[in-house]
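Undergrad: model-v8.txt is reproduced below (compact mmCIF, C-alpha atoms).
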# COMPACT_ATOMS: atom_id res chain seq x y z
CA MET A 1 -35.00 -10.20 10.44
CA SER A 2 -33.13 -9.00 13.51
CA ALA A 3 -29.34 -8.77 13.41
CA ARG A 4 -29.11 -11.50 16.05
CA THR A 5 -31.25 -14.05 14.15
CA ARG A 6 -29.29 -13.31 11.03
CA LEU A 7 -25.97 -13.85 12.81
CA VAL A 8 -27.11 -17.21 14.26
CA LEU A 9 -28.49 -18.36 10.90
CA GLY A 10 -25.39 -17.10 9.10
CA LEU A 11 -22.92 -18.79 11.43
CA GLY A 12 -24.83 -22.08 11.16
CA SER A 13 -24.81 -21.95 7.36
CA LEU A 14 -21.16 -20.90 7.28
CA ALA A 15 -20.19 -23.85 9.48
CA ALA A 16 -22.08 -26.26 7.19
CA LEU A 17 -20.59 -24.67 4.04
CA GLY A 18 -17.11 -24.78 5.60
CA ALA A 19 -17.47 -28.49 6.43
CA LEU A 20 -18.59 -29.27 2.87
CA LEU A 21 -15.72 -27.27 1.37
CA VAL A 22 -13.08 -28.92 3.58
CA TRP A 23 -14.54 -32.30 2.53
CA ALA A 24 -14.31 -31.21 -1.13
CA VAL A 25 -10.66 -30.19 -0.70
CA GLY A 26 -9.89 -33.90 -0.25
CA GLY A 27 -10.96 -34.51 -3.87
CA LEU A 28 -8.73 -31.81 -5.39
CA PRO A 29 -5.48 -32.72 -7.20
CA ASP A 30 -2.46 -33.25 -4.93
CA PHE A 31 -0.86 -29.91 -4.21
CA GLY A 32 2.14 -29.46 -6.53
CA HIS A 33 0.96 -31.95 -9.18
CA PRO A 34 -1.49 -30.33 -11.63
CA ARG A 35 -3.88 -32.85 -13.20
CA GLY A 36 -4.95 -32.87 -16.84
CA PRO A 37 -2.96 -32.44 -20.07
CA TYR A 38 -3.15 -28.67 -20.47
CA ALA A 39 -0.55 -27.80 -17.86
CA ASP A 40 2.06 -29.47 -20.12
CA LEU A 41 0.46 -28.83 -23.51
CA ALA A 42 -0.30 -25.11 -23.26
CA PRO A 43 3.31 -23.90 -22.82
CA ARG A 44 4.48 -26.24 -25.61
CA ILE A 45 1.77 -25.06 -28.05
CA MET A 46 2.56 -21.45 -27.23
CA LEU A 47 6.30 -21.88 -27.73
CA ASP A 48 6.36 -24.26 -30.74
CA GLU A 49 3.28 -23.25 -32.71
CA ARG A 50 2.76 -19.59 -31.79
CA HIS A 51 6.33 -18.47 -30.94
CA VAL A 52 5.07 -16.77 -27.76
CA ALA A 53 7.55 -16.82 -24.85
CA ASN A 54 5.05 -15.76 -22.16
CA ALA A 55 2.63 -18.69 -21.99
CA VAL A 56 0.16 -16.82 -19.75
CA THR A 57 -0.30 -13.98 -22.26
CA GLY A 58 -0.39 -16.57 -25.05
CA VAL A 59 -3.22 -18.49 -23.36
CA THR A 60 -5.09 -15.26 -22.59
CA PHE A 61 -4.96 -13.83 -26.12
CA ASP A 62 -4.85 -17.00 -28.23
CA LEU A 63 -6.08 -20.27 -26.71
CA ARG A 64 -8.62 -18.46 -24.52
CA GLY A 65 -8.87 -15.42 -26.78
CA PHE A 66 -12.62 -15.77 -27.15
CA ASP A 67 -13.12 -15.67 -23.37
CA THR A 68 -10.90 -12.60 -23.21
CA LEU A 69 -13.19 -10.94 -25.76
CA GLY A 70 -16.06 -11.43 -23.32
CA GLU A 71 -13.93 -10.28 -20.42
CA GLU A 72 -12.94 -7.14 -22.26
CA LEU A 73 -16.56 -6.34 -23.07
CA ILE A 74 -17.41 -6.83 -19.38
CA LEU A 75 -14.83 -4.17 -18.56
CA PHE A 76 -16.28 -1.90 -21.27
CA VAL A 77 -19.83 -2.27 -20.00
CA ALA A 78 -18.79 -1.88 -16.35
CA ALA A 79 -16.92 1.37 -17.09
CA LEU A 80 -20.01 2.57 -18.95
CA GLY A 81 -22.29 1.53 -16.08
CA ALA A 82 -20.17 3.20 -13.41
CA ALA A 83 -20.02 6.41 -15.48
CA VAL A 84 -23.79 6.44 -16.06
CA LEU A 85 -24.54 5.81 -12.36
CA LEU A 86 -22.14 8.48 -11.13
CA ARG A 87 -23.27 11.09 -13.63
CA ALA A 88 -26.93 10.90 -12.62
CA GLN A 89 -28.27 13.94 -10.78
CA ARG A 90 -25.54 16.26 -12.01
CA THR A 91 -26.16 19.58 -13.69
CA GLU A 92 -24.34 20.98 -16.72
CA GLY A 93 -21.02 22.70 -15.96
CA GLU A 94 -21.04 21.70 -12.30
CA ILE A 95 -17.81 19.70 -12.56
CA GLU A 96 -15.93 22.53 -14.27
CA ALA A 97 -17.04 24.96 -11.58
CA ALA A 98 -16.04 22.53 -8.83
CA ALA A 99 -12.60 22.03 -10.41
CA ALA A 100 -12.12 25.80 -10.69
CA ASP A 101 -13.08 26.17 -7.00
CA GLU A 102 -10.56 23.50 -6.07
CA GLU A 103 -7.83 25.25 -8.02
CA ARG A 104 -8.60 28.62 -6.39
CA ARG A 105 -8.40 27.02 -2.96
CA GLY A 106 -4.90 25.76 -3.77
CA PRO A 107 -3.38 22.34 -3.17
CA GLY A 108 -3.91 20.77 0.24
CA THR A 109 -1.02 18.33 -0.08
CA ALA A 110 2.58 18.68 1.05
CA ASP A 111 5.13 20.08 -1.41
CA ALA A 112 7.31 16.95 -1.17
CA LEU A 113 4.36 14.70 -2.13
CA ARG A 114 3.46 16.91 -5.08
CA ALA A 115 7.05 16.99 -6.34
CA LEU A 116 7.40 13.20 -5.99
CA GLY A 117 4.12 12.65 -7.85
CA ALA A 118 5.19 14.94 -10.70
CA VAL A 119 8.58 13.17 -10.96
CA LEU A 120 7.04 9.68 -11.00
CA VAL A 121 4.36 10.28 -13.67
CA GLY A 122 6.81 10.04 -16.60
CA PRO A 123 8.53 6.78 -15.53
CA MET A 124 5.11 5.31 -14.68
CA LEU A 125 3.77 6.02 -18.18
CA LEU A 126 6.94 4.53 -19.73
CA LEU A 127 6.69 1.41 -17.56
CA GLY A 128 3.02 1.01 -18.52
CA ILE A 129 3.76 1.21 -22.26
CA TYR A 130 6.68 -1.21 -21.82
CA VAL A 131 4.50 -3.75 -20.01
CA VAL A 132 1.76 -3.50 -22.68
CA VAL A 133 3.99 -3.99 -25.73
CA HIS A 134 6.19 -6.71 -24.17
CA GLY A 135 3.17 -8.81 -23.15
CA ALA A 136 4.17 -11.74 -25.37
CA LEU A 137 7.77 -11.80 -24.11
CA THR A 138 8.01 -10.98 -20.40
CA PRO A 139 5.55 -10.89 -17.48
CA GLY A 140 2.77 -8.45 -18.26
CA GLY A 141 0.33 -7.72 -21.05
CA GLY A 142 -2.52 -5.40 -21.93
CA PHE A 143 -4.46 -5.69 -18.68
CA GLN A 144 -1.49 -5.16 -16.36
CA GLY A 145 0.05 -2.35 -18.43
CA GLY A 146 -3.31 -0.64 -18.89
CA VAL A 147 -3.84 -0.44 -15.14
CA LEU A 148 -0.31 1.00 -14.74
CA LEU A 149 -1.08 3.68 -17.35
CA ALA A 150 -4.34 4.59 -15.64
CA GLY A 151 -2.43 4.60 -12.34
CA ALA A 152 -0.21 7.38 -13.69
CA LEU A 153 -3.32 9.57 -13.81
CA LEU A 154 -4.17 8.63 -10.23
CA LEU A 155 -0.64 9.71 -9.31
CA VAL A 156 -1.35 13.18 -10.74
CA TYR A 157 -4.45 13.27 -8.60
CA ALA A 158 -2.65 12.03 -5.47
CA ALA A 159 -0.07 14.77 -5.99
CA GLY A 160 -2.87 17.27 -5.39
CA GLN A 161 -3.33 18.46 -8.96
CA VAL A 162 -7.09 17.96 -9.11
CA ALA A 163 -7.61 20.73 -11.64
CA ALA A 164 -4.76 19.34 -13.74
CA VAL A 165 -6.50 15.95 -13.75
CA GLU A 166 -9.61 17.63 -15.14
CA ARG A 167 -7.49 19.19 -17.89
CA VAL A 168 -5.46 16.12 -18.96
CA ARG A 169 -8.45 13.93 -19.45
CA PRO A 170 -11.10 15.38 -21.72
CA VAL A 171 -13.86 12.91 -20.89
CA SER A 172 -15.05 12.52 -24.48
CA LEU A 173 -11.50 11.52 -25.54
CA VAL A 174 -11.34 8.88 -22.78
CA GLU A 175 -14.72 7.50 -23.80
CA VAL A 176 -13.77 7.32 -27.49
CA THR A 177 -10.45 5.61 -26.65
CA ASP A 178 -12.32 3.07 -24.53
CA ALA A 179 -14.62 2.26 -27.45
CA VAL A 180 -11.70 2.15 -29.93
CA GLY A 181 -9.87 -0.42 -27.77
CA ALA A 182 -12.95 -2.63 -27.47
CA ALA A 183 -13.69 -2.31 -31.19
CA ALA A 184 -10.08 -3.11 -32.15
CA TYR A 185 -10.19 -6.39 -30.20
CA THR A 186 -13.52 -7.32 -31.77
CA LEU A 187 -12.23 -6.52 -35.27
CA VAL A 188 -9.12 -8.71 -34.79
CA ALA A 189 -11.43 -11.48 -33.56
CA VAL A 190 -13.59 -11.13 -36.69
CA ALA A 191 -10.46 -10.97 -38.89
CA GLY A 192 -10.02 -14.65 -38.05
CA LEU A 193 -13.34 -15.26 -39.76
CA VAL A 194 -12.40 -13.21 -42.82
CA PHE A 195 -8.80 -14.34 -43.40
CA GLY A 196 -8.77 -17.69 -41.57
CA VAL A 197 -11.27 -20.36 -40.74
CA ALA A 198 -12.74 -19.32 -37.39
CA VAL A 199 -13.26 -16.37 -35.06
CA MET A 200 -10.05 -15.59 -33.13
CA ASP A 201 -7.97 -17.57 -35.61
CA ASN A 202 -4.37 -16.33 -35.36
CA VAL A 203 -3.98 -15.00 -38.92
CA LEU A 204 -0.77 -12.94 -38.69
CA PRO A 205 2.77 -14.34 -39.24
CA PHE A 206 4.18 -15.70 -35.97
CA GLY A 207 7.69 -14.17 -36.29
CA THR A 208 10.73 -15.22 -34.26
CA THR A 209 10.29 -16.21 -30.62
CA GLY A 210 11.60 -13.39 -28.46
CA SER A 211 11.10 -10.57 -30.97
CA LEU A 212 8.65 -7.77 -30.26
CA LEU A 213 6.18 -8.83 -32.96
CA SER A 214 6.28 -12.58 -32.27
CA GLY A 215 3.01 -14.41 -31.77
CA GLY A 216 0.86 -13.16 -34.67
CA THR A 217 -2.26 -11.49 -33.27
CA VAL A 218 -1.14 -11.90 -29.63
CA PRO A 219 0.81 -8.58 -29.36
CA VAL A 220 -1.88 -6.78 -31.42
CA LEU A 221 -4.61 -7.93 -29.03
CA SER A 222 -2.40 -7.09 -26.06
CA VAL A 223 -2.10 -3.48 -27.27
CA ALA A 224 -5.85 -3.28 -28.02
CA VAL A 225 -6.62 -4.46 -24.49
CA GLY A 226 -4.00 -2.06 -23.10
CA VAL A 227 -5.75 0.87 -24.80
CA GLU A 228 -9.17 -0.25 -23.59
CA VAL A 229 -8.09 -0.92 -20.00
CA THR A 230 -6.25 2.41 -19.76
CA ALA A 231 -9.33 4.30 -20.95
CA GLY A 232 -11.82 2.19 -18.98
CA VAL A 233 -9.98 2.46 -15.67
CA THR A 234 -9.27 6.16 -16.27
CA LEU A 235 -12.97 6.74 -16.88
CA ILE A 236 -13.96 4.90 -13.68
CA LEU A 237 -11.31 6.65 -11.54
CA SER A 238 -12.07 10.11 -12.91
CA GLU A 239 -15.80 9.69 -12.32
CA PHE A 240 -15.04 8.93 -8.65
CA VAL A 241 -12.69 11.95 -8.50
CA ASP A 242 -15.55 14.08 -9.87
CA GLN A 243 -17.78 12.81 -7.08
CA MET A 244 -15.25 14.01 -4.53
CA LEU A 245 -14.99 17.42 -6.20
CA LEU A 246 -18.77 17.81 -6.13
CA ARG A 247 -18.89 16.75 -2.50
CA SER A 248 -16.26 19.25 -1.35
CA ARG A 249 -18.10 21.97 -3.32
CA ARG A 250 -21.45 21.20 -1.72
CA GLU A 251 -19.93 21.18 1.75
CA ASP A 252 -18.59 24.74 1.32
CA MET B 1 -3.11 -28.71 0.96
CA LEU B 2 -2.68 -25.64 3.13
CA ALA B 3 -3.27 -23.38 0.11
CA TYR B 4 -6.68 -25.02 -0.50
CA LEU B 5 -7.64 -24.47 3.13
CA VAL B 6 -6.55 -20.83 2.87
CA ALA B 7 -8.97 -20.48 -0.09
CA VAL B 8 -11.80 -22.02 1.98
CA TRP B 9 -10.97 -19.70 4.89
CA LEU B 10 -10.97 -16.58 2.67
CA LEU B 11 -14.38 -17.53 1.23
CA LEU B 12 -15.91 -18.14 4.67
CA VAL B 13 -14.43 -15.07 6.36
CA GLY B 14 -15.52 -12.86 3.41
CA LEU B 15 -19.04 -14.29 3.55
CA TYR B 16 -19.15 -13.68 7.32
CA GLY B 17 -18.22 -10.06 6.62
CA VAL B 18 -21.01 -9.75 4.03
CA ILE B 19 -23.59 -11.20 6.45
CA THR B 20 -22.67 -8.97 9.40
CA SER B 21 -21.82 -5.84 7.39
CA ARG B 22 -23.12 -2.50 8.65
CA HIS B 23 -21.73 -0.38 5.80
CA LEU B 24 -22.00 -0.83 2.04
CA VAL B 25 -18.31 -0.03 1.36
CA HIS B 26 -17.33 -2.65 3.94
CA LEU B 27 -19.72 -5.08 2.24
CA VAL B 28 -18.14 -4.50 -1.18
CA LEU B 29 -14.65 -5.05 0.23
CA CYS B 30 -15.79 -8.28 1.93
CA LEU B 31 -16.99 -9.42 -1.48
CA GLY B 32 -13.45 -8.72 -2.71
CA VAL B 33 -12.05 -10.94 0.06
CA MET B 34 -14.44 -13.72 -1.02
CA GLN B 35 -13.26 -13.40 -4.59
CA ALA B 36 -9.62 -13.54 -3.46
CA SER B 37 -10.32 -17.14 -2.42
CA THR B 38 -10.83 -18.06 -6.08
CA TYR B 39 -7.42 -16.63 -6.98
CA VAL B 40 -5.74 -18.73 -4.29
CA LEU B 41 -7.67 -21.86 -5.34
CA LEU B 42 -6.86 -21.47 -9.06
CA LEU B 43 -3.16 -20.76 -8.50
CA ALA B 44 -2.90 -23.64 -6.01
CA ILE B 45 -4.44 -26.11 -8.49
CA GLY B 46 -1.93 -25.12 -11.18
CA TRP B 47 1.19 -25.11 -9.01
CA ARG B 48 3.82 -27.69 -9.87
CA ALA B 49 6.39 -28.67 -7.25
CA GLY B 50 9.69 -27.12 -8.32
CA GLY B 51 8.14 -25.62 -11.48
CA ALA B 52 9.35 -22.32 -12.94
CA ALA B 53 7.15 -19.43 -14.08
CA PRO B 54 5.62 -20.25 -17.52
CA ILE B 55 7.67 -17.57 -19.30
CA PHE B 56 10.35 -18.91 -21.62
CA ALA B 57 12.29 -15.68 -22.02
CA ASP B 58 15.42 -16.98 -20.30
CA ILE B 59 14.79 -20.65 -19.44
CA PRO B 60 15.29 -23.74 -21.70
CA PRO B 61 12.10 -24.80 -23.59
CA ASN B 62 11.74 -28.12 -21.72
CA THR B 63 11.86 -26.73 -18.17
CA PRO B 64 8.89 -27.93 -16.08
CA VAL B 65 6.64 -24.93 -15.41
CA VAL B 66 3.48 -24.23 -13.42
CA ASP B 67 0.14 -24.41 -15.29
CA PRO B 68 -0.32 -21.21 -17.37
CA VAL B 69 -4.01 -21.89 -18.09
CA VAL B 70 -5.15 -21.32 -14.49
CA GLN B 71 -2.94 -18.23 -14.31
CA ALA B 72 -4.76 -16.81 -17.34
CA LEU B 73 -8.07 -17.69 -15.63
CA THR B 74 -6.89 -15.82 -12.52
CA LEU B 75 -6.14 -12.78 -14.69
CA THR B 76 -9.72 -12.87 -15.99
CA ASP B 77 -10.95 -13.25 -12.42
CA VAL B 78 -9.01 -10.20 -11.20
CA VAL B 79 -10.32 -8.03 -14.05
CA VAL B 80 -13.92 -9.07 -13.47
CA GLU B 81 -13.59 -8.45 -9.73
CA ALA B 82 -12.17 -4.96 -10.28
CA THR B 83 -15.03 -4.02 -12.63
CA VAL B 84 -17.69 -5.47 -10.33
CA VAL B 85 -16.25 -3.51 -7.38
CA ALA B 86 -16.28 -0.32 -9.48
CA VAL B 87 -19.97 -0.72 -10.36
CA LEU B 88 -20.92 -1.66 -6.78
CA LEU B 89 -19.09 1.38 -5.37
CA ALA B 90 -20.87 3.59 -7.91
CA LEU B 91 -24.18 2.10 -6.71
CA THR B 92 -23.09 2.81 -3.13
CA VAL B 93 -22.48 6.47 -3.98
CA GLN B 94 -25.96 6.68 -5.50
CA ALA B 95 -27.57 4.91 -2.52
CA HIS B 96 -25.93 7.35 -0.13
CA LYS B 97 -27.07 10.34 -2.19
CA ARG B 98 -30.62 9.07 -2.29
CA PHE B 99 -31.16 7.71 1.20
CA GLY B 100 -28.46 9.53 3.19
CA THR B 101 -27.13 6.30 4.69
CA CYS B 102 -24.81 3.44 3.79
CA ASP B 103 -26.20 0.97 6.33
CA PRO B 104 -27.62 -1.99 4.37
CA ASP B 105 -30.22 -2.60 7.12
CA ALA B 106 -31.60 0.91 6.75
CA LEU B 107 -31.96 0.36 2.99
CA GLY B 108 -34.19 -2.67 3.49
CA ALA B 109 -37.52 -1.16 2.49
CA LEU B 110 -38.00 -0.26 -1.15
CA ARG B 111 -38.95 3.35 -1.66
CA GLY B 112 -40.04 5.06 -4.87
Can the structure in the file be given as structure tokens, please?
TA:
Amino acid sequence: MSARTRLVLGLGSLAALGALLVWAVGGLPDFGHPRGPYADLAPRIMLDERHVANAVTGVTFDLRGFDTLGEELILFVAALGAAVLLRAQRTEGEIEAAAADEERRGPGTADALRALGAVLVGPMLLLGIYVVVHGALTPGGGFQGGVLLAGALLLVYAAGQVAAVERVRPVSLVEVTDAVGAAAYTLVAVAGLVFGVAVMDNVLPFGTTGSLLSGGTVPVLSVAVGVEVTAGVTLILSEFVDQMLLRSRRED
Amino acid sequence: MLAYLVAVWLLLVGLYGVITSRHLVHLVLCLGVMQASTYVLLLAIGWRAGGAAPIFADIPPNTPVVDPVVQALTLTDVVVEATVVAVLLALTVQAHKRFGTCDPDALGALRG
């Protein structure tokens, strides 16, 4: 199909789809007035029955905990898939050699940027851990904090320390951590079957609303997801960094 | 109302980008724009006029809040989008290694 035919066909279909969607918007709930009982019920269940202050984290790890199990396994499989795809056609020891080359060549970034990156890594790690463990209390949770923690590694890379990145993340350790996070979530889900009545049953004591351990399994699952997201995103990012190292080596 | 139309617009403009794309990275990012429309739609459906954020750390328990269920759905949506983009970009890297181009039109014919 020529680009022109495709554009004409595409624009026609887009116009039809757009008209249908605008028509459908008329049937949506009035903006500002959510329909259905869950908008009112979910925060009340979370606060009264689960002692979780952050209703979003509560819904994610308790009411919709089973969906989050699937979501977490999607992340696990995607990190695995990206790693497998990017590692194809690579010979043994090539990455190490490329990293050594990069180190010999010296950093290509400005001193100010490297200093700023080095200064920010510590606070970034602390913020990430804080967001993960306070998921049940304040905005945040395992997913958000995990990405922050993985972002600290990207900061090291942005500061021009490519070789340092290779050293701080032994790939096998990252892979094992990824699997441990996914397994921990699955085990907590199964614990509901062993100690309660159903999978994902919240079997731990709920504690006092506002304390660090309130919410039963909610903070446990939040930490498990935090571990898995940190490792999964680190794995994905570092595989892409490896690609860049290989590329600059082949261009030499 | 406007928020719903923004969601429709994001979906259409992302799809237009996918159709006319001449580069695989551009195509993946257009897919991201399309997916952003679902975030806007979900959050718009759950918004309550004058509602607070559904986090009862420092507000009285009976305060009207926005719907936390759709916000949790949006969180799932964001995670799935990020992972899909990662896998698609990895595929793009492989396609470029194998065929030496990132133009989707040049990748049309299947080769062994």
Undergrad: Could you check which residues have any atom within 12 Å of (-15.8, 14.1, -7.2), counting only C-alpha atoms with coordinates taken straight from the file, and then list them as a PDB file with C-alpha atoms, keeping the file's coordinate frame?
TA:
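As written to disk, part.pdb reads:
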ATOM      1  CA  LEU A  86     -22.140   8.480 -11.130  1.00  0.00           C
ATOM      2  CA  ARG A  87     -23.270  11.090 -13.630  1.00  0.00           C
ATOM      3  CA  ARG A  90     -25.540  16.260 -12.010  1.00  0.00           C
ATOM      4  CA  GLU A  94     -21.040  21.700 -12.300  1.00  0.00           C
ATOM      5  CA  ILE A  95     -17.810  19.700 -12.560  1.00  0.00           C
ATOM      6  CA  GLU A  96     -15.930  22.530 -14.270  1.00  0.00           C
ATOM      7  CA  ALA A  97     -17.040  24.960 -11.580  1.00  0.00           C
ATOM      8  CA  ALA A  98     -16.040  22.530  -8.830  1.00  0.00           C
ATOM      9  CA  ALA A  99     -12.600  22.030 -10.410  1.00  0.00           C
ATOM     10  CA  GLU A 102     -10.560  23.500  -6.070  1.00  0.00           C
ATOM     11  CA  TYR A 157      -4.450  13.270  -8.600  1.00  0.00           C
ATOM     12  CA  VAL A 162      -7.090  17.960  -9.110  1.00  0.00           C
ATOM     13  CA  ALA A 163      -7.610  20.730 -11.640  1.00  0.00           C
ATOM     14  CA  VAL A 165      -6.500  15.950 -13.750  1.00  0.00           C
ATOM     15  CA  GLU A 166      -9.610  17.630 -15.140  1.00  0.00           C
ATOM     16  CA  ILE A 236     -13.960   4.900 -13.680  1.00  0.00           C
ATOM     17  CA  LEU A 237     -11.310   6.650 -11.540  1.00  0.00           C
ATOM     18  CA  SER A 238     -12.070  10.110 -12.910  1.00  0.00           C
ATOM     19  CA  GLU A 239     -15.800   9.690 -12.320  1.00  0.00           C
ATOM     20  CA  PHE A 240     -15.040   8.930  -8.650  1.00  0.00           C
ATOM     21  CA  VAL A 241     -12.690  11.950  -8.500  1.00  0.00           C
ATOM     22  CA  ASP A 242     -15.550  14.080  -9.870  1.00  0.00           C
ATOM     23  CA  GLN A 243     -17.780  12.810  -7.080  1.00  0.00           C
ATOM     24  CA  MET A 244     -15.250  14.010  -4.530  1.00  0.00           C
ATOM     25  CA  LEU A 245     -14.990  17.420  -6.200  1.00  0.00           C
ATOM     26  CA  LEU A 246     -18.770  17.810  -6.130  1.00  0.00           C
ATOM     27  CA  ARG A 247     -18.890  16.750  -2.500  1.00  0.00           C
ATOM     28  CA  SER A 248     -16.260  19.250  -1.350  1.00  0.00           C
ATOM     29  CA  ARG A 249     -18.100  21.970  -3.320  1.00  0.00           C
ATOM     30  CA  ARG A 250     -21.450  21.200  -1.720  1.00  0.00           C
TER      31      ARG A 250
ATOM     32  CA  ALA B  90     -20.870   3.590  -7.910  1.00  0.00           C
ATOM     33  CA  VAL B  93     -22.480   6.470  -3.980  1.00  0.00           C
TER      34      VAL B  93
END
Undergrad: Could you give me, as a VMD selection string, the residues within 8 Å of region 208-215 of chain A, counting all atoms listed in the file and dropping anything in the same chain fewer than 6 positions from it?
TA: (chain A and resid 47 50 to 53 58 133 to 134 136 to 137) or (chain B and resid 57)
Undergrad: In terms of the shortest atom-to-atom distance over only C-alpha atoms, which of A:Pro37, A:Gly12, A:Gly140, A:Gly81 is closest to chain B?
TA: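 Going through A:Pro37, A:Gly12, A:Gly140, A:Gly81 one by one, the smallest distance to chain B is for A:Gly81.
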Undergrad: Could you list, as a list of chain:residue names, every residue of chain A that has an atom within 7 Å of an atom of chain B, counting all atoms listed in the file?
TA: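 Listed by rising number, the hits are A:Leu7, A:Gly10, A:Leu14, A:Gly18, A:Leu21, A:Val25, A:Pro29, A:Phe31, A:Gly32, A:His33, A:Pro34, A:Ala39, A:Pro43, A:Ala53, A:Asn54, A:Ala55, A:Val56, A:Val59, A:Thr60, A:Glu71, A:Leu75, A:Ala78, A:Gly81, A:Ala82, A:Leu85, A:Leu86, A:Leu137, A:Thr138, A:Gly210.
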Undergrad: What's the 9 Å shell around region 221-226 of chain A, counting all atoms listed in the file, without same-chain residues fewer than 3 positions away, as a PyMOL selection string?
TA: chain A and resi 57+61+65+72+128-129+132-136+141-147+149+180-185+188-189+217-218+229-231
Undergrad: Have a look at CA of Ala150 (chain A) and CA of Val171 (chain A) and let me know their distance in Å, one decimal.
TA: 13.7 Å
Undergrad: Nearest to Leu155 (chain A): which of A:Ala42, A:Val121, A:Leu187, A:Ala15 is it, counting only C-alpha atoms?
TA: A:Val121
Undergrad: Counting only C-alpha atoms, what is within 8 Å of Ala179 (chain A), bar same-chain residues fewer than 4 positions away, as a list of chain:residue names?
TA: A:Phe76, A:Glu175, A:Ala183, A:Glu228
Undergrad: May I have the residues from that selection written out with C-alpha atoms, as a PDB file, keeping the file's coordinate frame?
TA:
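Everything below was put into out.pdb:
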ATOM      1  CA  PHE A  76     -16.280  -1.900 -21.270  1.00  0.00           C
ATOM      2  CA  GLU A 175     -14.720   7.500 -23.800  1.00  0.00           C
ATOM      3  CA  ALA A 183     -13.690  -2.310 -31.190  1.00  0.00           C
ATOM      4  CA  GLU A 228      -9.170  -0.250 -23.590  1.00  0.00           C
TER       5      GLU A 228
END
Undergrad: So the first atom is CA of Thr38 (chain B) and the second is CA of Ala16 (chain A); what is the distance between them in Å, to one decimal place?
TA: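 Computing the Euclidean distance for CA of Thr38 (chain B) and CA of Ala16 (chain A) yields 19.2 Å.
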Undergrad: For CA of Gly100 (chain B) and CA of His23 (chain B), determine how far apart the two atoms are, in Å to one decimal place.
TA: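 Going from CA of Gly100 (chain B) over to CA of His23 (chain B) covers 12.3 Å.
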Undergrad: Rank A:Ala159, A:Trp23, A:Glu49, A:Ser172 by their smallest atom-to-atom distance to Asp111 (chain A), using only C-alpha atoms, and report the top residue only.
TA: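 Closest residue, counting only C-alpha atoms: A:Ala159.
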Undergrad: Working from the structure I just supplied, which lacks atoms in region 188-200 of chain A, can you model N, CA and C atoms there and output them as an mmCIF file, in the frame of the given file?
TA:
data_model
loop_
_atom_site.group_PDB
_atom_site.id
_atom_site.type_symbol
_atom_site.label_atom_id
_atom_site.label_comp_id
_atom_site.auth_asym_id
_atom_site.auth_seq_id
_atom_site.Cartn_x
_atom_site.Cartn_y
_atom_site.Cartn_z
ATOM 1 N N VAL A 188 -10.152 -7.669 -34.623
ATOM 2 C CA VAL A 188 -9.120 -8.710 -34.790
ATOM 3 C C VAL A 188 -9.766 -10.086 -34.650
ATOM 4 N N ALA A 189 -10.735 -10.204 -33.727
ATOM 5 C CA ALA A 189 -11.430 -11.480 -33.560
ATOM 6 C C ALA A 189 -12.164 -11.857 -34.844
ATOM 7 N N VAL A 190 -12.838 -10.869 -35.459
ATOM 8 C CA VAL A 190 -13.590 -11.130 -36.690
ATOM 9 C C VAL A 190 -12.649 -11.384 -37.863
ATOM 10 N N ALA A 191 -11.437 -10.770 -37.818
ATOM 11 C CA ALA A 191 -10.460 -10.970 -38.890
ATOM 12 C C ALA A 191 -10.171 -12.458 -39.063
ATOM 13 N N GLY A 192 -10.216 -13.203 -37.972
ATOM 14 C CA GLY A 192 -10.020 -14.650 -38.050
ATOM 15 C C GLY A 192 -11.056 -15.292 -38.957
ATOM 16 N N LEU A 193 -12.248 -14.721 -38.932
ATOM 17 C CA LEU A 193 -13.340 -15.260 -39.760
ATOM 18 C C LEU A 193 -13.137 -14.899 -41.227
ATOM 19 N N VAL A 194 -12.564 -13.706 -41.450
ATOM 20 C CA VAL A 194 -12.400 -13.210 -42.820
ATOM 21 C C VAL A 194 -11.189 -13.864 -43.488
ATOM 22 N N PHE A 195 -10.036 -13.870 -42.776
ATOM 23 C CA PHE A 195 -8.800 -14.340 -43.400
ATOM 24 C C PHE A 195 -8.454 -15.781 -43.015
ATOM 25 N N GLY A 196 -9.093 -16.344 -42.014
ATOM 26 C CA GLY A 196 -8.770 -17.690 -41.570
ATOM 27 C C GLY A 196 -9.973 -18.578 -41.672
ATOM 28 N N VAL A 197 -10.122 -19.457 -40.686
ATOM 29 C CA VAL A 197 -11.270 -20.360 -40.740
ATOM 30 C C VAL A 197 -12.268 -20.116 -39.617
ATOM 31 N N ALA A 198 -11.833 -19.482 -38.527
ATOM 32 C CA ALA A 198 -12.740 -19.320 -37.390
ATOM 33 C C ALA A 198 -12.487 -17.992 -36.702
ATOM 34 N N VAL A 199 -13.445 -17.560 -35.879
ATOM 35 C CA VAL A 199 -13.260 -16.370 -35.060
ATOM 36 C C VAL A 199 -12.051 -16.588 -34.160
ATOM 37 N N MET A 200 -11.242 -15.548 -33.974
ATOM 38 C CA MET A 200 -10.050 -15.590 -33.130
ATOM 39 C C MET A 200 -8.937 -16.453 -33.712
#
